[in-house]
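S.K.: Let me give you the structure first, and then I'll get to my questions.
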Amino acid sequence: MARSLKSRYPNSMTKKLPPMVDKFRKENPSKYPWYSAKAHYLTTTCLSFPLIIYAFMKIENITALDLLVVPILIIFAMLFEYIVHRYLLHHRQWFLKEAYVEHTLRHHAYFNHEAIEVTKSADFERVLFPVWGVAIIQYGIMLPSSLAIGYLFSPNAGYLSLIVGAMFFFMYETIHMITHLPLQHWIYNVPGLFYLREHHRAHHHPAKMGKYNFNIVFPLWDILLGTRIVLPVEDRPTDDKELSL
Ligand SMILES: [Zn+2]
Ligand SMILES: [Zn+2]
């Protein structure tokens, strides 16, 4: 269903950007003329996978009880994503002011529900976490919190939490990047990705960004907490008024 709906969208690459978005993008070009989205994503990958591979190699004599940790951690990771996005990235907190400015004032001005797509590689600088941010999250948050879990519960619980935590953040970056790709990209043939794109696109509606659709990887907590919305037909970038999700 999602794919047939997708196929009825007009070619988004030929659409003009809304004037506000166009103005913001022109006034806020990439700070780095040499910026490469591929190198940025590759660096994120290279910072994330050593932790994941290391934790996999250290696991020994895994039990059913150890494995029970995995779904609990995934559900917790989705809650963490929801809380950080809703309360830290969309509310100005004195200890994380720059994150609010980058996310709410820049990312959401650079992309709105009518213009969620990148038009050039440099636009991904406004999508992906900066490399230093990736390093802090993976090595300053995921690693020490997994060490604490390993110390408090069992070594395997610690290694599994490192795998889930580092992998979840990597998935967050990957899926957020995909939701900002042009709709014509082949990756939208993968089931579920168009659904996640539409979920995130609704979050980019300026009047709704502070209230709805905070999950990126999977909208579990948006559903459970009643903050999931689907854009009404008239808010979709298409002339086809018959569409419904
Ligand atoms: Zn976004
Ligand atoms: Zn947001």
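Following the order of the structure tokens, first chain is A, next is B, and so on, with residues numbered from 1 inside each chain and ligands from 1 in the order they appear.
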Neighbours of ligand 2 at 7 Å or closer, counting only C-alpha atoms and all ligand atoms: which residues, as a list of chain:residue names?
M.R.: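 Listing the residues within 7 Å of ligand 2 gives A:His85, A:Leu89, A:His90, A:His103, A:Thr104, A:His108, A:His203, A:His204, A:Met209, A:Phe214.
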S.K.: Using only C-alpha atoms and all ligand atoms, determine which residues fall within 12 Å of ligand 1, then list them as a compact mmCIF listing (two decimals) with N, CA and C atoms, in the first residue's frame.
M.R.:
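Saved result, part-v9.txt, follows:
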# COMPACT_ATOMS: atom_id res chain seq x y z
N HIS A 85 14.54 13.87 22.12
CA HIS A 85 14.03 14.65 21.00
C HIS A 85 12.96 15.65 21.47
N LEU A 89 15.77 18.56 22.50
CA LEU A 89 15.99 19.17 21.19
C LEU A 89 14.89 20.16 20.82
N GLU A 102 20.57 24.03 16.99
CA GLU A 102 20.87 23.24 15.79
C GLU A 102 19.65 22.47 15.30
N HIS A 103 18.90 21.89 16.25
CA HIS A 103 17.78 21.05 15.83
C HIS A 103 16.54 21.88 15.49
N THR A 104 16.02 22.61 16.48
CA THR A 104 14.74 23.32 16.27
C THR A 104 14.89 24.50 15.32
N LEU A 105 15.95 25.28 15.51
CA LEU A 105 16.06 26.51 14.72
C LEU A 105 16.73 26.30 13.36
N ARG A 106 17.63 25.32 13.27
CA ARG A 106 18.30 25.12 11.98
C ARG A 106 17.72 23.93 11.21
N HIS A 107 17.76 22.73 11.82
CA HIS A 107 17.28 21.54 11.09
C HIS A 107 15.83 21.71 10.63
N HIS A 108 14.99 22.23 11.53
CA HIS A 108 13.56 22.36 11.18
C HIS A 108 13.28 23.55 10.26
N ALA A 109 14.20 24.52 10.17
CA ALA A 109 14.02 25.60 9.20
C ALA A 109 14.55 25.19 7.83
N TYR A 110 15.56 24.33 7.85
CA TYR A 110 16.18 23.84 6.61
C TYR A 110 15.26 22.86 5.89
N PHE A 111 14.47 22.11 6.68
CA PHE A 111 13.55 21.12 6.11
C PHE A 111 12.18 21.29 6.77
N ASN A 112 11.12 21.45 5.96
CA ASN A 112 9.79 21.40 6.55
C ASN A 112 8.98 20.30 5.86
N HIS A 113 7.71 20.17 6.22
CA HIS A 113 6.91 19.06 5.70
C HIS A 113 6.70 19.14 4.18
N ALA A 115 9.18 20.36 2.25
CA ALA A 115 10.53 20.29 1.67
C ALA A 115 11.43 19.52 2.63
N ILE A 116 11.16 18.23 2.78
CA ILE A 116 11.93 17.43 3.73
C ILE A 116 13.20 16.87 3.08
N GLU A 117 13.28 17.00 1.76
CA GLU A 117 14.36 16.31 1.05
C GLU A 117 15.60 17.17 0.87
N VAL A 118 16.75 16.49 0.88
CA VAL A 118 17.99 17.17 0.52
C VAL A 118 18.00 17.38 -0.99
N ASP A 123 23.63 19.31 2.12
CA ASP A 123 22.44 19.44 2.98
C ASP A 123 22.48 18.44 4.14
N PHE A 124 23.19 17.34 3.97
CA PHE A 124 23.25 16.33 5.04
C PHE A 124 23.99 16.85 6.28
N GLU A 125 24.75 17.91 6.11
CA GLU A 125 25.40 18.50 7.29
C GLU A 125 24.34 18.97 8.29
N ARG A 126 23.15 19.31 7.78
CA ARG A 126 22.05 19.76 8.64
C ARG A 126 21.19 18.60 9.11
N VAL A 127 21.57 17.36 8.75
CA VAL A 127 20.78 16.18 9.13
C VAL A 127 21.55 15.32 10.13
N LEU A 128 22.80 14.99 9.80
CA LEU A 128 23.58 14.07 10.63
C LEU A 128 24.20 14.79 11.83
N PHE A 129 24.35 14.05 12.93
CA PHE A 129 25.05 14.60 14.09
C PHE A 129 26.49 14.94 13.69
N TYR A 172 19.41 5.31 14.37
CA TYR A 172 18.78 6.64 14.41
C TYR A 172 19.38 7.53 13.30
N GLU A 173 20.70 7.57 13.24
CA GLU A 173 21.36 8.40 12.24
C GLU A 173 21.01 7.93 10.82
N THR A 174 21.00 6.60 10.64
CA THR A 174 20.75 6.05 9.31
C THR A 174 19.31 6.33 8.87
N ILE A 175 18.35 6.06 9.74
CA ILE A 175 16.95 6.24 9.35
C ILE A 175 16.61 7.72 9.19
N HIS A 176 17.16 8.55 10.08
CA HIS A 176 16.92 10.00 9.92
C HIS A 176 17.48 10.48 8.57
N MET A 177 18.65 9.98 8.22
CA MET A 177 19.24 10.35 6.92
C MET A 177 18.33 9.88 5.78
N ILE A 178 17.83 8.65 5.87
CA ILE A 178 16.97 8.10 4.80
C ILE A 178 15.69 8.93 4.66
N THR A 179 15.10 9.35 5.81
CA THR A 179 13.84 10.10 5.72
C THR A 179 14.01 11.44 5.00
N HIS A 180 15.26 11.90 4.89
CA HIS A 180 15.50 13.17 4.18
C HIS A 180 16.02 12.97 2.75
N LEU A 181 16.05 11.71 2.30
CA LEU A 181 16.47 11.45 0.92
C LEU A 181 15.32 11.77 -0.04
N LEU A 196 8.14 5.34 7.73
CA LEU A 196 8.95 6.12 8.67
C LEU A 196 9.21 7.53 8.12
N ARG A 197 9.35 7.64 6.81
CA ARG A 197 9.54 8.96 6.20
C ARG A 197 8.31 9.84 6.45
N GLU A 198 7.14 9.28 6.21
CA GLU A 198 5.92 10.05 6.40
C GLU A 198 5.73 10.42 7.87
N HIS A 199 6.12 9.50 8.75
CA HIS A 199 6.04 9.79 10.19
C HIS A 199 6.94 10.99 10.52
N HIS A 200 8.15 10.98 10.00
CA HIS A 200 9.09 12.07 10.30
C HIS A 200 8.70 13.35 9.56
N ARG A 201 8.16 13.21 8.36
CA ARG A 201 7.76 14.41 7.60
C ARG A 201 6.66 15.17 8.34
N ALA A 202 5.74 14.44 8.97
CA ALA A 202 4.69 15.11 9.75
C ALA A 202 5.32 15.88 10.92
N HIS A 203 6.39 15.32 11.50
CA HIS A 203 7.09 16.02 12.60
C HIS A 203 7.71 17.33 12.10
N HIS A 204 8.04 17.40 10.82
CA HIS A 204 8.67 18.61 10.28
C HIS A 204 7.66 19.71 9.95
N HIS A 205 6.36 19.46 10.18
CA HIS A 205 5.37 20.53 10.01
C HIS A 205 5.64 21.57 11.12
N PRO A 206 5.87 22.84 10.75
CA PRO A 206 6.27 23.83 11.78
C PRO A 206 5.29 23.93 12.95
N MET A 209 5.81 20.32 15.12
CA MET A 209 7.10 19.73 15.48
C MET A 209 7.33 19.63 16.99
N ASN A 213 5.24 13.11 16.90
CA ASN A 213 6.15 12.27 16.10
C ASN A 213 7.63 12.47 16.46
N PHE A 214 7.97 12.14 17.69
CA PHE A 214 9.34 12.32 18.15
C PHE A 214 10.22 11.09 17.90
N ASN A 215 9.61 9.91 17.79
CA ASN A 215 10.42 8.72 17.47
C ASN A 215 10.83 8.76 16.01
N ILE A 216 12.01 8.22 15.73
CA ILE A 216 12.53 8.17 14.36
C ILE A 216 12.66 6.71 13.91
N VAL A 217 13.27 5.87 14.75
CA VAL A 217 13.58 4.48 14.36
C VAL A 217 12.31 3.64 14.28
S.K.: Running DSSP on the backbone, which parts of stretch 37-119 of chain A land in alpha helix (DSSP H), as JSON, numbers by chain?
M.R.: {"A": [37, 38, 39, 40, 41, 42, 43, 44, 45, 46, 47, 48, 49, 50, 51, 52, 53, 54, 55, 56, 57, 58, 64, 65, 66, 67, 68, 69, 70, 71, 72, 73, 74, 75, 76, 77, 78, 79, 80, 81, 82, 83, 97, 98, 99, 100, 108, 109, 110]}
S.K.: Nearest residue to A:Val230 out of A:Tyr195, A:Trp186, A:Phe218, A:Tyr32, using only C-alpha atoms?
M.R.: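 The closest residue to A:Val230 is A:Tyr195.
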S.K.: I need the residue nearest A:Thr63 from this list: A:Pro19, A:Leu160, A:Phe80, A:Ala207. Use only C-alpha atoms for the distance.
M.R.: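 That would be A:Leu160, the residue with the smallest distance to A:Thr63.
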S.K.: Within 8 Å of stretch 132-135 of chain A, counting only C-alpha atoms, which residues qualify if same-chain residues fewer than 3 places away don't, as a list in words?
M.R.: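 After dropping sequence-adjacent residues, the list is Thr44, Leu47, Phe129, Gln138, Tyr139 and Gly140 of chain A.
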